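*Asks:* Dropping a structure here in structure tokens format, bear with me for questions.
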Amino acid sequence: AAGGHSSKMATLMLALLTAGALSAPIQPRKQRLAPTHPLQSRLGSDRARPPVLTASAPGDADGQLVGLKGPAADTPEKTKPVARLLGYAMTFGALGVFLPIIFRMLATGSAAGFSRLTWGMQIVGYAAFMVYPVRSGYPLSSYVEYICLLAQSLTVNCLIRVYAGVSPLSVAAGALAFGGALGAALRGMPMPAAQLCAPIATGLLSASLIPQIARNFAAQSSGGWSAITAGLGVAGNVIRLYTTMQLAGGDRLLLAQFGIGTLLNAVMLGQVVVWGS
């Protein structure tokens, strides 16, 4: 059943991205001086961040979040460099967060226990997170981790399908079709639609671990999840809670997102500890 949901989700994503891309003529992108999406404004920076596995809170050159007013403006200066340093460190950590899972799948030649729905939500979420910064003309550095996380998630999805008996050629064709639809969206999706991608991605990534957690409880297994991946998820979200308090004025929306991310990854880590990896 999970596989059917995943296939339907992937098909829907392809249709939405393609429709959005084709609904407006391709125009040269202009460099945007400030974010316009409500979530971007709450973050006070030029990037909206996925809540589950990445963990940085960027600011401008002076370390003050762009357009930020209120409690964060009163944050002691001595705490801001620490918060920024922790944030950037977790960004680099996120670049390889799924590699332990990929290496284990390749070593065992099996994808048993993995939820296709979880990984389908991951690839759609990370792809959606890329749309707004790309369409806004932001520099590559503002969304490079999304590219890495999407590539890793897509690799896991492909391995799950191959190990399930799907033809490698069919898997490759599906991956290329997904990439083509995403490329079209990155080039031509209208900005009103692109602005909706960030909150949609946030919702998908916040809930993406739930199907895997439920599957693990049903099977009393870790589902092949990596303790390293779960541990990085917990640490990343805890640091994001800290950086949100220090650099984003304790924004309640962000605190809720990273709180959920901490809880879900902690449950995953507990499953690995109790049932083994």
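Letters A, B, ... go to the chains of the structure tokens in the order shown; residues in each chain start at 1; ligands are counted from 1 in the same order.
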Within 12 Å of region 164-170 of chain A, counting only C-alpha atoms, which residues qualify if same-chain residues fewer than 2 places away don't, as an mmCIF file with C-alpha atoms, in the first residue's frame?
*Replies:*
```cif
data_model
loop_
_atom_site.group_PDB
_atom_site.id
_atom_site.type_symbol
_atom_site.label_atom_id
_atom_site.label_comp_id
_atom_site.auth_asym_id
_atom_site.auth_seq_id
_atom_site.Cartn_x
_atom_site.Cartn_y
_atom_site.Cartn_z
ATOM 1 C CA GLY A 3 4.408 1.711 -2.545
ATOM 2 C CA GLY A 109 21.865 -5.526 -1.305
ATOM 3 C CA SER A 110 18.523 -5.016 0.399
ATOM 4 C CA ALA A 111 16.012 -2.254 1.108
ATOM 5 C CA ALA A 112 13.843 -4.337 3.435
ATOM 6 C CA GLY A 113 12.007 -2.322 6.055
ATOM 7 C CA PHE A 114 12.203 1.072 4.361
ATOM 8 C CA SER A 115 8.987 3.017 3.833
ATOM 9 C CA ARG A 116 8.527 4.128 0.237
ATOM 10 C CA ASN A 157 14.307 5.852 -3.617
ATOM 11 C CA CYS A 158 15.968 4.334 -6.651
ATOM 12 C CA LEU A 159 17.685 1.647 -4.577
ATOM 13 C CA ILE A 160 14.396 0.769 -2.852
ATOM 14 C CA ARG A 161 12.737 0.237 -6.224
ATOM 15 C CA VAL A 162 15.651 -1.713 -7.708
ATOM 16 C CA ALA A 172 16.422 5.362 -14.304
ATOM 17 C CA ALA A 173 13.637 6.562 -16.620
ATOM 18 C CA GLY A 174 11.505 7.556 -13.639
ATOM 19 C CA ALA A 175 14.397 9.447 -12.040
ATOM 20 C CA LEU A 176 15.085 11.283 -15.302
ATOM 21 C CA ALA A 177 11.408 12.197 -15.664
#
```
*Asks:* Which residues, written as number ranges by chain, have at least one atom at most 10 Å from Leu99 (chain A), with only C-alpha atoms counted and residues fewer than 5 positions away on the same chain left out?
*Replies:* A: 94, 104-105, 149, 152-153, 155-156, 226, 228-229
*Asks:* At a cut-off of 9 Å, can you tabulate as CSV every residue of region 125-227 of chain A near region 247-271 of chain A together with its closest atom pair and the distance in Å to one decimal, using only C-alpha atoms and ordering rows by chain then number?
*Replies:*
```
residue,atom,partner,partner_atom,distance
A:Thr202,CA,A:Gln257,CA,8.1
A:Gly203,CA,A:Gln257,CA,8.9
A:Leu205,CA,A:Gly261,CA,8.8
A:Ser206,CA,A:Gly261,CA,6.3
A:Ala207,CA,A:Leu264,CA,8.7
A:Leu209,CA,A:Leu264,CA,6.7
A:Ile210,CA,A:Leu264,CA,7.4
A:Gln212,CA,A:Met268,CA,8.5
A:Ile213,CA,A:Met268,CA,6.5
A:Asn216,CA,A:Gln271,CA,7.5
A:Phe217,CA,A:Gln271,CA,8.0
A:Gln220,CA,A:Gln271,CA,8.1
A:Ser221,CA,A:Gln271,CA,6.9
A:Ser222,CA,A:Gln271,CA,5.3
A:Gly223,CA,A:Gln271,CA,8.7
A:Trp225,CA,A:Met268,CA,7.7
A:Ser226,CA,A:Leu269,CA,8.2
A:Ala227,CA,A:Leu269,CA,5.9
```
*Asks:* Go through A:Met189, A:Val124, A:Leu106, A:Leu241 and flag the residue nearest Leu86 (chain A), using only C-alpha atoms for the distances.
*Replies:*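 Ranking A:Met189, A:Val124, A:Leu106, A:Leu241 by distance to Leu86 (chain A), first place goes to A:Leu241.
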*Asks:* Taking into account only C-alpha atoms, which residue in the set A:Gly276, A:Gly125, A:Pro81, A:Pro100 is nearest to Cys197 (chain A)?
*Replies:*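 Going through A:Gly276, A:Gly125, A:Pro81, A:Pro100 one by one, the smallest distance to Cys197 (chain A) is for A:Gly125.
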*Asks:* What gap, in Å, lies between CA of Ala128 (chain A) and CA of Leu140 (chain A)?
*Replies:*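 CA of Ala128 (chain A) sits 15.5 Å away from CA of Leu140 (chain A).
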